[in-house]
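Participant: The structure that follows is given in the form of structure tokens.
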Amino acid sequence: MMLDATPRDTVAERRALVANPCKTCQPVGAIYAALGVHGAMPHSHGSQGCVSFHRMFLTRHFKEPAMASTSAFTEGASVFGGGANLKTAVRNIFDLYDPAVIAIHTTCLSETIGDDLHAFTSDIEIPPGKRVVYCSTPSYQGSHITGFSAMTAGFIEHLAEKSGEPTGRLLVIPGFVNPADMRQVKRYLDDFGIDYTMLPDTSGVFDAPMTGKFELYPAGGARVAEIARLGDAAYSLALGYWASEPAGNVLKRSCDVDYQALGLPIGVSATDEFILALTRYSKIPVPPSIEEERGQLIDCMLDTHQYLDKQRVAIAGDPDHVLGLTEFCLECGMVPAFIGTGTPGGHFEERVRAILTKHGRKPDSCWVKAETDYFEIHQRIIQEPVDMLLGPSLFKQIARAEDIPLVRVGFPILDRYLHSYFPLVGYQGALHLLKAMCDALMDRLDRDSADADLEFVM
Amino acid sequence: MKNSHNRTKPGHTEEQLLCDSAQAATAGSSTIHTAPSVPEMGERTGAVIDEVLESYEAKVFRNRKKHLLMVDHALEAPQEIAANSRTIPGILSHRGCCYAGCKGVVLGPIKDALIIVHGPIGCSFYTWGTRRHKASSEPDKLNLVPYTFSTDMHETDIVFGGEKKLFAAIEEGLALFKPEAVLICSTCPVGLIGDDIHAVAARAEKQFGVTCVAFSCEGYKGVSQSAGHHIASNELIRRIIGTNDSPMQGTYRVNLLGEYNIGGDGWETERILKRCGITIVSVMSGDGSIADITRAHTADLNLVQCHRSINYIAEMMQTQYGIDWLKVNFVGISAIQKSLRQIAAYFDNLELSERIEAVIADELAEIDTELRSYRDQLSGKTAALYVGGSRSHHYQSLLKDLGMQTVIAGYEFAHRDDYEGREVKESIKVDADNKNIEELSVEPIEGKYRLRISPEKLAQLKASIASLEQYEGMIKEMDNGTLVIDDLNHFEAEKFVEALKPDVFFSGIKDKYVLQKGGVFSRQLHSYDYKGPYAGFKGAINFAQDLLMGLQVPAWQFISPPWRHEPLLRGHVDAVEEEASVPVSTQTQGADRPGGER
């Protein structure tokens with residue numbers, strides 16, 4: 001039986017051993033963010049195995065190429081420092097792959113030995129018109145989500161300048177989300193006629209079309225020139241407290257551009273907040289097309305309510321996602337029973353409890369934990385079963401072991417195709433999620449009902 | 001078995017369908033062609049090698065020059081290739097690290113051991129369920145393959161040391177799972193901050209009475225996964241193998257080394273071996289267990305599938321226990337037969353020989369019709385192979401069975417002996433990166449060393465069994481004019497594919513979609529694209545079926561939209577009533593349009 005080594009009698013107290021983690025390390029987030037800049041080559045300053053794993057992870061989630069280079073540390077470099085490796089790497093990358101910008105991030109290796117990227121990059125000759133940016137992403141801090149944030153901030157820190165000539169542009173930091181989500185957010189911005197820069201923007205990169213020609217730098221991504229002008233931006237919207245807010249804060253500090261941080265626009269209320277922010281910023285009334293979409297979503301929530309009401313759900317994944325998913329489940333009348341993330345910090349538990357309270361639930365009505373792992377969530381589900389799992393593919397084994405339907409959402413989804421083409425954010429994203437949740441629960445009803453009880457019409 | 005040529009459109013021959021699809025795959029990408037003649041191919045290969053090298057600046061040129069060669073068996077001296085040396089920083093290599101080779105490859109599949117990755121979270125996360133080393137659960141036996149464990153070191157652990165946390169993790173893991181052994185794998189920062197994982201393992205072993213083995217496989221060690229294979233092999237020899245003397249009952253007892261049960265390959269191999277009356281004592285390490293590996297030394301013969309990752313163990317077991325080893329290959333129909341017959345020759349028993357022949361005949365009869373059909377459809381197609389350290393050789397044999405030709409082959413982390421044959425082993429220079437990977441020096445173990453056959457008999461057998469304690473390497477079996485590459489990088493792959501136009505490129509996940517975006521069909525030979533098994537007679541059919549399916553998938557025909565090559569304007573000219581079509585190329589600006597490229 002699947003996961004049959006997991007003791008079923010009790011939930012084990014663990015202080016040191018992490019089993020089946022609910023997060024991975026910072027550098028992969030840094031690479032994902034860097035690939036959302038057009039012409040960028042992400043570069044991992046560490047041993048070559050790191051970048052191999054990260055490219056594998058991203059490619060398996062998106063079923064798309066994920067290019068990134070490495071300083072390829074050997075034992076010698078680990079002892080004497082990686083300066084020479086970085087110098088060689090930068091020269092070779094510009095020579096062979098001609099990127100517009102090299103986006104360097106550190107690893108636990110280079111951080112532990114104290115490599116100073118500022119000193120190294122100041123010492124390296126960079127071809128005219130080319131740029132090098134960097135950020136610090138030791139794997140022993142944060143998670144892939146904070147790594148994403150760090151690299152986004154790195155681009156702003158190293159490229160954004162304030163000339164004093166306002167661009168009137170809005171910076172939108174979309175969060176660690178799929179290209180379809182970024183497209184969805186951009187569609188809303190376009191509907192309001194807002195002039196914006198999205199950073200990073202992996203649409204057109206991780207959903208690039210098949211043309212018969214491989215492009216090392218696909219058409220999508222934020223332009224370096226646009227990022228350089230962010231210092232003169234009018235305002236920033238950071239979607240996601242973990243993946244985006246710190247980068248918004250960096251632009252505020254460096255160029256005094258005010259920002260607002262919002263949760264990922266998942267579900268009704270969070271999307272409402274986002275739309276309100278856009279209408280307030282643009283001073284343009286909400287276009288009827290958006291109100292129509294919202295109305296369709298509410299209509300469908302009413303239609304389907306009896307299949308979702310009081311259904312107990314376990315939600316896991318990245319913190320910004322989990323907040324949004326929790327709220328949408330509450331909006332659908334469901335009962336979040338276990339809510340977990342692996343990413344540390346950011347007041348995860350308080351934020352979740354605030355959402356519970358907002359929706360009239362007791363703040364301690366469900367189990368909430370940051371820095372948890374799937375092993376613990378599984379042990380808890382064994383004690384108090386749930387009706388549905390909501391989260392990435394990493395839930396798959398638990399779904400099978402406990403025979404619980406799994407609705408795949410977030411990162412990583414390794415075992416299904418096309419998921420990154422359908423949005424999770426916005427009213428349409430909520431509609432997709434609502435359909436997926438209803439399908440999962442109703443398929444289960446159909447499977448489990450007696451012949452005489454099989455409903456022909458539902 | 002589902003037969004993919006049912007997909008053929010009525011009225012189309014297979015060949016036509018393939019041609020259509022290839023043409024649709026745009027200019028510069030795969031075109032289906034018959035295999036080129038040797039001089040023709042040699043000329044193209046030589047030219048593209050020169051072109052690639054000339055693009056490099058001097059230092060990279062000097063380095064990469066030694067890692068590329070065009071096979072030429074007419075040369076007096078055997079060809080030499082540089083391998084197992086440093087990856088050039090900044091070059092888009094596909095290589096992994098020492099940790100990946102130790103935990104990911106060799107130790108990961110062992111199902112009854114608690115493998116704790118000591119380090120920050122990423123390294124453990126990435127080896128969770130991501131390699132398809134299948135493992136079956138048996139009642140009352142531990143299967144930890146669906147799990148991954150980590151000490152998830154935080155900044156404070158890096159600053160103050162992680163030994164206490166590691167010890168606590170061992171204690172917690174033992175209480176939860178009661179494993180046969182605890183294996184501790186270190187990641188980069190552990191070696192740098194000086195955590196003594198060996199001391200922690202020894203202390204835990206003493207306190208809890210369970211075998212605890214530490215593997216110092218920090219990612220920066222060596223130059224690739226290969227260092228990790230070696231480190232894993234050393235500790236298995238030092239601590240696990242030979243610790244349980246109760247022999248397994250059965251005839252012709254063998255260990256299967258370097259079989260990781262990807263996609264169930266090991267199970268298919270075992271099925272065939274068991275049919276032949278051969279007993280498997282242990283597998284290292286696909287679906288393997290510490291319980292079995294502890295008594296591996298009671299076997300009669302070691303069979304080595306993946307030479308690169310595990311030849312260390314075969315060699316050391318020969319010295320310590322007197323067990324001979326045979327390099328086998330259960331991938332490819334002719335290769336399996338050769339391997340089975342060599343096993344029969346080693347045991348030199350008529351009954352075994354007859355049984356093996358009967359099994360071969362039976363298995364062949366079962367696949368005969370399908371094999372013929374696939375061979376007819378695949379014959380003449382060309383392939384490129386870029387996989388780890390053995391598969392690029394193993395699969396050439398299967399491709400040959402299907403009438404296909406390998407035009408490019410390379411290894412990610414092989415050593416010179418995997419390319420050139422074990423005879424060059426002594427002449428391989430140890431460099432600064434490799435000298436720190438321990439070469440265990442072992443001696444015969446008193447009371448456990450036992451010659452399976454007399455030295456005279458062994459010498460006699462070695463003369464007739466080519467793979468007995470010998471591996472001939474990949475190059476000898478490749479055709480003149482074909483290309484061999486070590487540590488292929490993205491830039492080279494693009495150039496070589498463009499010039500040599502293989503119909504299929506077998507590689508891994510990192511370049512699969514790069515190739516396919518460029519219009520070249522690619523299948524993963526690390527993970528088999530979540531299918532398989534490909535080993536064994538039936539596996540060969542699975543492989544052929546998946547390959548043909550991908551070459552014929554209708555989507556290839558749709559890459560170029562019709563408006564790229566259909567007339568764009570239709571209309572009536574003056575009073576003439578017939579329809580006039582004006583093709584794109586006759587438009588004044590036609591050549592500038594995207595469609596003009598075609």
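How things are named: the first chain in the structure tokens is A, the next is B, and so on; residues count from 1 in each chain; ligands count from 1 in the order shown.
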May I have the residues within 9 Å of region 193-198 of chain B as a list in words, using only C-alpha atoms and disregarding those fewer than 3 positions away in the same chain?
Facilitator: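 Here the qualifying residues turn out to be Thr112 and Ile113 of chain A; His118, Ile158, Val159, Phe160, Gly161, Gly162, Glu163, Leu166, Ile184, Cys185, Ser186, Pro189, Val190, Ala201, Ala202, Arg203, Cys212, Val213, Ala214, Phe215 and Ser216 of chain B.
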Participant: Would you please extract all strand (DSSP E) residues from region 347-399 of chain A, as assigned by DSSP on the backbone, and give them as a list in words?
Facilitator: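 Filtering region 347-399 of chain A to strand (DSSP E) leaves Trp367, Val368, Lys369, Met388, Leu389, Leu390 and Gly391 of chain A.
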Participant: For the residues in the current selection, export N, CA, C and O atoms as a PDB file, in the first residue's frame.
Facilitator:
ATOM      1  N   TRP A 367      -6.471  23.222  11.455  1.00  0.00           N
ATOM      2  CA  TRP A 367      -5.041  23.110  11.740  1.00  0.00           C
ATOM      3  C   TRP A 367      -4.274  23.917  10.701  1.00  0.00           C
ATOM      4  O   TRP A 367      -4.430  23.708   9.509  1.00  0.00           O
ATOM      5  N   VAL A 368      -3.480  24.858  11.163  1.00  0.00           N
ATOM      6  CA  VAL A 368      -2.706  25.714  10.256  1.00  0.00           C
ATOM      7  C   VAL A 368      -1.242  25.652  10.670  1.00  0.00           C
ATOM      8  O   VAL A 368      -0.924  25.807  11.847  1.00  0.00           O
ATOM      9  N   LYS A 369      -0.358  25.450   9.696  1.00  0.00           N
ATOM     10  CA  LYS A 369       1.057  25.419  10.063  1.00  0.00           C
ATOM     11  C   LYS A 369       1.975  25.824   8.910  1.00  0.00           C
ATOM     12  O   LYS A 369       1.822  25.340   7.790  1.00  0.00           O
ATOM     13  N   MET A 388     -11.323  16.228   0.271  1.00  0.00           N
ATOM     14  CA  MET A 388     -10.590  16.662  -0.924  1.00  0.00           C
ATOM     15  C   MET A 388      -9.234  17.213  -0.542  1.00  0.00           C
ATOM     16  O   MET A 388      -9.062  17.778   0.542  1.00  0.00           O
ATOM     17  N   LEU A 389      -8.267  17.021  -1.445  1.00  0.00           N
ATOM     18  CA  LEU A 389      -6.943  17.615  -1.274  1.00  0.00           C
ATOM     19  C   LEU A 389      -6.773  18.681  -2.338  1.00  0.00           C
ATOM     20  O   LEU A 389      -7.133  18.468  -3.503  1.00  0.00           O
ATOM     21  N   LEU A 390      -6.230  19.817  -1.954  1.00  0.00           N
ATOM     22  CA  LEU A 390      -6.031  20.923  -2.875  1.00  0.00           C
ATOM     23  C   LEU A 390      -4.565  21.334  -2.776  1.00  0.00           C
ATOM     24  O   LEU A 390      -4.129  21.825  -1.735  1.00  0.00           O
ATOM     25  N   GLY A 391      -3.815  21.113  -3.844  1.00  0.00           N
ATOM     26  CA  GLY A 391      -2.391  21.451  -3.785  1.00  0.00           C
ATOM     27  C   GLY A 391      -1.646  20.850  -4.953  1.00  0.00           C
ATOM     28  O   GLY A 391      -2.249  20.367  -5.913  1.00  0.00           O
TER      29      GLY A 391
END
Participant: Please identify every residue of chain B that has at least one atom no farther than 6 Å from an atom of chain A, counting only C-alpha atoms, and for each give the shortest atom pair and the distance in Å to one decimal, arranged by chain then increasing number, as CSV.
Facilitator:
residue,atom,partner,partner_atom,distance
B:Ala25,CA,A:Gly212,CA,5.6
B:Thr26,CA,A:Gly212,CA,5.5
B:Pro89,CA,A:Ala89,CA,4.5
B:Gly90,CA,A:Ala89,CA,3.7
B:Leu92,CA,A:Ser69,CA,5.3
B:Gly96,CA,A:Gly49,CA,4.0
B:Cys97,CA,A:Gly49,CA,4.2
B:Pro120,CA,A:Tyr140,CA,5.0
B:Ile121,CA,A:Thr24,CA,5.9
B:Gly122,CA,A:Cys25,CA,4.6
B:Tyr147,CA,A:Asn20,CA,5.8
B:Thr148,CA,A:Asn20,CA,5.2
B:Phe149,CA,A:Ala19,CA,4.6
B:Ser150,CA,A:Val18,CA,5.1
B:Thr151,CA,A:Leu17,CA,5.3
B:Met153,CA,A:Tyr140,CA,5.8
B:His154,CA,A:Tyr140,CA,4.5
B:Glu155,CA,A:Tyr140,CA,5.4
B:Lys165,CA,A:Ala16,CA,5.5
B:Ala168,CA,A:Ala16,CA,5.8
B:Ala169,CA,A:Leu17,CA,4.4
B:Cys188,CA,A:Leu109,CA,5.6
B:Pro189,CA,A:Leu109,CA,5.4
B:Tyr220,CA,A:Thr74,CA,4.9
B:Lys221,CA,A:Glu75,CA,5.5
B:Lys510,CA,A:Met56,CA,5.9
B:Tyr513,CA,A:Pro65,CA,5.2
B:Val514,CA,A:Pro65,CA,5.4
B:Lys517,CA,A:Phe214,CA,4.9
B:Gly518,CA,A:Lys213,CA,4.3
B:Gly519,CA,A:Gly212,CA,4.5
Participant: What gap, in Å, lies between CA of Leu257 (chain B) and CA of Asp417 (chain B)?
Facilitator: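 These atoms are spaced 17.7 Å apart.
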Participant: Could you jot down the CA of Arg372 (chain B) to CA of Gln516 (chain B) separation for me, Å, one decimal place?
Facilitator: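 Between these atoms lies a distance of 28.1 Å.
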Participant: Measuring between only C-alpha atoms, which one of B:Val442, B:Cys98, B:Ala463, B:Ala82 shows the shortest distance to Ile237 (chain B)?
Facilitator: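 The closest residue to Ile237 (chain B) is B:Val442.
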Participant: Report, in Å with one decimal, the straight-line distance from CA of Lys495 (chain B) to CA of Glu80 (chain B).
Facilitator: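 Separation between CA of Lys495 (chain B) and CA of Glu80 (chain B): 22.6 Å.
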Participant: With only C-alpha atoms as the atoms that count, which of A:Glu161, A:Ala180, A:Tyr259, A:Asp116 lies nearest to Leu418 (chain A)?
Facilitator: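 Ranking A:Glu161, A:Ala180, A:Tyr259, A:Asp116 by distance to Leu418 (chain A), first place goes to A:Ala180.
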Participant: Where does DSSP see alpha helix (DSSP H) in region 183-240 of chain B, if you list the residues as a PDB file with N, CA and C atoms, in the first residue's frame?
Facilitator:
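Everything below was put into selection_26.pdb:
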ATOM      1  N   CYS B 188      26.479  20.099  -0.172  1.00  0.00           N
ATOM      2  CA  CYS B 188      27.616  21.046  -0.209  1.00  0.00           C
ATOM      3  C   CYS B 188      27.996  21.708   1.120  1.00  0.00           C
ATOM      4  N   PRO B 189      27.074  22.415   1.794  1.00  0.00           N
ATOM      5  CA  PRO B 189      27.545  23.195   2.946  1.00  0.00           C
ATOM      6  C   PRO B 189      28.062  22.326   4.088  1.00  0.00           C
ATOM      7  N   VAL B 190      27.604  21.091   4.165  1.00  0.00           N
ATOM      8  CA  VAL B 190      28.002  20.211   5.270  1.00  0.00           C
ATOM      9  C   VAL B 190      29.510  19.998   5.292  1.00  0.00           C
ATOM     10  N   GLY B 191      30.071  19.743   4.125  1.00  0.00           N
ATOM     11  CA  GLY B 191      31.514  19.549   4.040  1.00  0.00           C
ATOM     12  C   GLY B 191      32.250  20.835   4.363  1.00  0.00           C
ATOM     13  N   LEU B 192      31.645  21.964   3.998  1.00  0.00           N
ATOM     14  CA  LEU B 192      32.335  23.246   4.180  1.00  0.00           C
ATOM     15  C   LEU B 192      32.353  23.694   5.630  1.00  0.00           C
ATOM     16  N   ILE B 193      31.271  23.408   6.365  1.00  0.00           N
ATOM     17  CA  ILE B 193      31.252  23.841   7.762  1.00  0.00           C
ATOM     18  C   ILE B 193      31.896  22.801   8.668  1.00  0.00           C
ATOM     19  N   ILE B 197      29.861  13.909   9.782  1.00  0.00           N
ATOM     20  CA  ILE B 197      28.718  12.998   9.685  1.00  0.00           C
ATOM     21  C   ILE B 197      29.114  11.556  10.000  1.00  0.00           C
ATOM     22  N   HIS B 198      30.380  11.244   9.799  1.00  0.00           N
ATOM     23  CA  HIS B 198      30.839   9.879  10.098  1.00  0.00           C
ATOM     24  C   HIS B 198      30.837   9.630  11.606  1.00  0.00           C
ATOM     25  N   ALA B 199      31.241  10.659  12.346  1.00  0.00           N
ATOM     26  CA  ALA B 199      31.233  10.525  13.806  1.00  0.00           C
ATOM     27  C   ALA B 199      29.800  10.428  14.325  1.00  0.00           C
ATOM     28  N   VAL B 200      28.903  11.236  13.738  1.00  0.00           N
ATOM     29  CA  VAL B 200      27.496  11.184  14.158  1.00  0.00           C
ATOM     30  C   VAL B 200      26.926   9.790  13.869  1.00  0.00           C
ATOM     31  N   ALA B 201      27.255   9.264  12.684  1.00  0.00           N
ATOM     32  CA  ALA B 201      26.767   7.928  12.309  1.00  0.00           C
ATOM     33  C   ALA B 201      27.273   6.877  13.301  1.00  0.00           C
ATOM     34  N   ALA B 202      28.536   6.967  13.651  1.00  0.00           N
ATOM     35  CA  ALA B 202      29.112   5.980  14.567  1.00  0.00           C
ATOM     36  C   ALA B 202      28.445   6.061  15.935  1.00  0.00           C
ATOM     37  N   ARG B 203      28.205   7.280  16.382  1.00  0.00           N
ATOM     38  CA  ARG B 203      27.576   7.468  17.692  1.00  0.00           C
ATOM     39  C   ARG B 203      26.137   6.921  17.669  1.00  0.00           C
ATOM     40  N   ALA B 204      25.423   7.213  16.611  1.00  0.00           N
ATOM     41  CA  ALA B 204      24.037   6.745  16.506  1.00  0.00           C
ATOM     42  C   ALA B 204      23.999   5.222  16.437  1.00  0.00           C
ATOM     43  N   GLU B 205      24.928   4.667  15.688  1.00  0.00           N
ATOM     44  CA  GLU B 205      24.961   3.211  15.550  1.00  0.00           C
ATOM     45  C   GLU B 205      25.196   2.544  16.903  1.00  0.00           C
ATOM     46  N   LYS B 206      26.101   3.137  17.669  1.00  0.00           N
ATOM     47  CA  LYS B 206      26.419   2.587  18.977  1.00  0.00           C
ATOM     48  C   LYS B 206      25.212   2.712  19.916  1.00  0.00           C
ATOM     49  N   GLN B 207      24.583   3.877  19.855  1.00  0.00           N
ATOM     50  CA  GLN B 207      23.479   4.110  20.791  1.00  0.00           C
ATOM     51  C   GLN B 207      22.213   3.330  20.431  1.00  0.00           C
ATOM     52  N   PHE B 208      21.927   3.229  19.137  1.00  0.00           N
ATOM     53  CA  PHE B 208      20.640   2.635  18.742  1.00  0.00           C
ATOM     54  C   PHE B 208      20.757   1.207  18.202  1.00  0.00           C
ATOM     55  N   GLN B 225      28.184  13.383 -11.506  1.00  0.00           N
ATOM     56  CA  GLN B 225      27.540  12.340 -10.712  1.00  0.00           C
ATOM     57  C   GLN B 225      28.514  11.197 -10.400  1.00  0.00           C
ATOM     58  N   SER B 226      29.460  11.002 -11.296  1.00  0.00           N
ATOM     59  CA  SER B 226      30.334   9.835 -11.218  1.00  0.00           C
ATOM     60  C   SER B 226      31.031   9.704  -9.863  1.00  0.00           C
ATOM     61  N   ALA B 227      31.469  10.810  -9.315  1.00  0.00           N
ATOM     62  CA  ALA B 227      32.146  10.752  -8.017  1.00  0.00           C
ATOM     63  C   ALA B 227      31.213  10.164  -6.960  1.00  0.00           C
ATOM     64  N   GLY B 228      29.942  10.503  -7.070  1.00  0.00           N
ATOM     65  CA  GLY B 228      28.955  10.004  -6.122  1.00  0.00           C
ATOM     66  C   GLY B 228      28.746   8.501  -6.236  1.00  0.00           C
ATOM     67  N   HIS B 229      28.770   7.990  -7.459  1.00  0.00           N
ATOM     68  CA  HIS B 229      28.658   6.534  -7.632  1.00  0.00           C
ATOM     69  C   HIS B 229      29.786   5.835  -6.884  1.00  0.00           C
ATOM     70  N   HIS B 230      30.975   6.424  -7.031  1.00  0.00           N
ATOM     71  CA  HIS B 230      32.161   5.807  -6.446  1.00  0.00           C
ATOM     72  C   HIS B 230      32.067   5.823  -4.913  1.00  0.00           C
ATOM     73  N   ILE B 231      31.657   6.972  -4.373  1.00  0.00           N
ATOM     74  CA  ILE B 231      31.552   7.112  -2.921  1.00  0.00           C
ATOM     75  C   ILE B 231      30.498   6.142  -2.366  1.00  0.00           C
ATOM     76  N   ALA B 232      29.363   6.042  -3.073  1.00  0.00           N
ATOM     77  CA  ALA B 232      28.314   5.108  -2.638  1.00  0.00           C
ATOM     78  C   ALA B 232      28.842   3.675  -2.670  1.00  0.00           C
ATOM     79  N   SER B 233      29.529   3.333  -3.750  1.00  0.00           N
ATOM     80  CA  SER B 233      30.059   1.978  -3.898  1.00  0.00           C
ATOM     81  C   SER B 233      31.046   1.651  -2.782  1.00  0.00           C
ATOM     82  N   ASN B 234      31.920   2.611  -2.479  1.00  0.00           N
ATOM     83  CA  ASN B 234      32.918   2.382  -1.430  1.00  0.00           C
ATOM     84  C   ASN B 234      32.271   2.016  -0.099  1.00  0.00           C
ATOM     85  N   GLU B 235      31.246   2.788   0.283  1.00  0.00           N
ATOM     86  CA  GLU B 235      30.644   2.553   1.605  1.00  0.00           C
ATOM     87  C   GLU B 235      29.802   1.272   1.611  1.00  0.00           C
TER      88      GLU B 235
END
Participant: Counting only C-alpha atoms, what is within 10 Å of Ile49 (chain B), bar same-chain residues fewer than 6 positions away, as a PDB file with N, CA, C and O atoms, in the first residue's frame?
Facilitator:
ATOM      1  N   LYS B  65      37.998  20.437 -27.681  1.00  0.00           N
ATOM      2  CA  LYS B  65      38.609  19.682 -28.783  1.00  0.00           C
ATOM      3  C   LYS B  65      38.872  18.231 -28.379  1.00  0.00           C
ATOM      4  O   LYS B  65      38.698  17.308 -29.168  1.00  0.00           O
ATOM      5  N   LEU B  68      35.676  15.592 -28.219  1.00  0.00           N
ATOM      6  CA  LEU B  68      34.893  15.290 -29.425  1.00  0.00           C
ATOM      7  C   LEU B  68      35.741  14.441 -30.358  1.00  0.00           C
ATOM      8  O   LEU B  68      36.914  14.721 -30.545  1.00  0.00           O
ATOM      9  N   LEU B  69      35.142  13.431 -30.948  1.00  0.00           N
ATOM     10  CA  LEU B  69      35.899  12.743 -32.000  1.00  0.00           C
ATOM     11  C   LEU B  69      34.977  12.109 -33.024  1.00  0.00           C
ATOM     12  O   LEU B  69      33.811  11.805 -32.743  1.00  0.00           O
ATOM     13  N   MET B  70      35.513  11.934 -34.214  1.00  0.00           N
ATOM     14  CA  MET B  70      34.795  11.210 -35.245  1.00  0.00           C
ATOM     15  C   MET B  70      35.396   9.813 -35.293  1.00  0.00           C
ATOM     16  O   MET B  70      36.621   9.660 -35.396  1.00  0.00           O
ATOM     17  N   LEU B 483      29.839  10.371 -34.662  1.00  0.00           N
ATOM     18  CA  LEU B 483      30.375  11.375 -33.757  1.00  0.00           C
ATOM     19  C   LEU B 483      30.258  10.916 -32.301  1.00  0.00           C
ATOM     20  O   LEU B 483      29.203  10.450 -31.887  1.00  0.00           O
ATOM     21  N   GLU B 492      26.644  22.862 -28.672  1.00  0.00           N
ATOM     22  CA  GLU B 492      27.080  21.782 -29.563  1.00  0.00           C
ATOM     23  C   GLU B 492      25.898  20.960 -30.036  1.00  0.00           C
ATOM     24  O   GLU B 492      25.812  20.579 -31.206  1.00  0.00           O
ATOM     25  N   LYS B 495      24.142  22.583 -32.912  1.00  0.00           N
ATOM     26  CA  LYS B 495      24.937  22.540 -34.145  1.00  0.00           C
ATOM     27  C   LYS B 495      24.961  21.132 -34.749  1.00  0.00           C
ATOM     28  O   LYS B 495      24.808  20.960 -35.951  1.00  0.00           O
ATOM     29  N   PHE B 496      25.177  20.149 -33.888  1.00  0.00           N
ATOM     30  CA  PHE B 496      25.305  18.784 -34.397  1.00  0.00           C
ATOM     31  C   PHE B 496      23.976  18.264 -34.954  1.00  0.00           C
ATOM     32  O   PHE B 496      23.944  17.556 -35.956  1.00  0.00           O
ATOM     33  N   ALA B 499      23.403  19.744 -38.336  1.00  0.00           N
ATOM     34  CA  ALA B 499      24.250  19.210 -39.401  1.00  0.00           C
ATOM     35  C   ALA B 499      23.951  17.739 -39.701  1.00  0.00           C
ATOM     36  O   ALA B 499      23.952  17.326 -40.854  1.00  0.00           O
TER      37      ALA B 499
END
Participant: Counting only C-alpha atoms, what is within 8 Å of region 470-474 of chain B, bar same-chain residues fewer than 6 positions away, as a list in words?
Facilitator: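 Within the cut-off, the hits are His307, Leu326, Lys327, Ser392, His393, Asp417, Asp418, Tyr419, Glu420, Gly421, Arg422 and Glu423 of chain B.
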Participant: Using N, CA, C and O atoms, can you export the residues from the last selection as a compact mmCIF listing (two decimals), in the first residue's frame?
Facilitator:
# COMPACT_ATOMS: atom_id res chain seq x y z
N HIS B 307 28.02 -0.27 -16.21
CA HIS B 307 29.44 -0.35 -15.87
C HIS B 307 29.91 0.88 -15.10
O HIS B 307 30.61 0.78 -14.11
N LEU B 326 30.63 -10.35 -14.84
CA LEU B 326 30.38 -10.39 -16.28
C LEU B 326 29.67 -9.10 -16.65
O LEU B 326 28.68 -8.73 -16.02
N LYS B 327 30.18 -8.41 -17.66
CA LYS B 327 29.48 -7.21 -18.14
C LYS B 327 28.34 -7.69 -19.04
O LYS B 327 28.57 -8.37 -20.04
N SER B 392 24.00 5.19 -23.42
CA SER B 392 24.29 5.59 -24.80
C SER B 392 24.92 4.43 -25.56
O SER B 392 24.85 4.36 -26.78
N HIS B 393 25.54 3.53 -24.84
CA HIS B 393 26.08 2.33 -25.47
C HIS B 393 25.00 1.25 -25.56
O HIS B 393 24.75 0.69 -26.61
N ASP B 417 37.31 4.68 -19.91
CA ASP B 417 37.09 3.24 -20.12
C ASP B 417 35.69 2.93 -20.65
O ASP B 417 35.50 1.94 -21.34
N ASP B 418 34.72 3.79 -20.34
CA ASP B 418 33.38 3.56 -20.87
C ASP B 418 33.33 3.84 -22.38
O ASP B 418 32.50 3.29 -23.09
N TYR B 419 34.21 4.72 -22.82
CA TYR B 419 34.29 5.00 -24.26
C TYR B 419 35.22 4.00 -24.97
O TYR B 419 34.89 3.44 -25.99
N GLU B 420 36.41 3.84 -24.37
CA GLU B 420 37.49 3.16 -25.11
C GLU B 420 37.68 1.71 -24.70
O GLU B 420 38.38 0.97 -25.37
N GLY B 421 37.09 1.31 -23.58
CA GLY B 421 37.29 -0.06 -23.09
C GLY B 421 38.15 -0.08 -21.84
O GLY B 421 38.98 0.81 -21.63
N ARG B 422 37.93 -1.12 -21.02
CA ARG B 422 38.63 -1.16 -19.73
C ARG B 422 40.14 -1.27 -19.85
O ARG B 422 40.87 -0.99 -18.91
N GLU B 423 40.60 -1.68 -21.05
CA GLU B 423 42.05 -1.83 -21.20
C GLU B 423 42.80 -0.51 -21.03
O GLU B 423 43.99 -0.52 -20.76
Participant: So that each row is one residue of region 175-207 of chain B with an atom at most 12 Å from region 131-143 of chain B, can you give its shortest atom pair and the distance in Å to one decimal, using only C-alpha atoms, rows by chain and rising number, as a tab-separated table?
Facilitator:
residue	atom	partner	partner_atom	distance
B:Leu176	CA	B:Leu142	CA	11.3
B:Phe177	CA	B:Leu142	CA	7.7
B:Lys178	CA	B:Leu142	CA	8.3
B:Pro179	CA	B:Leu142	CA	7.0
B:Glu180	CA	B:Leu142	CA	8.5
B:Ala181	CA	B:Leu142	CA	11.1
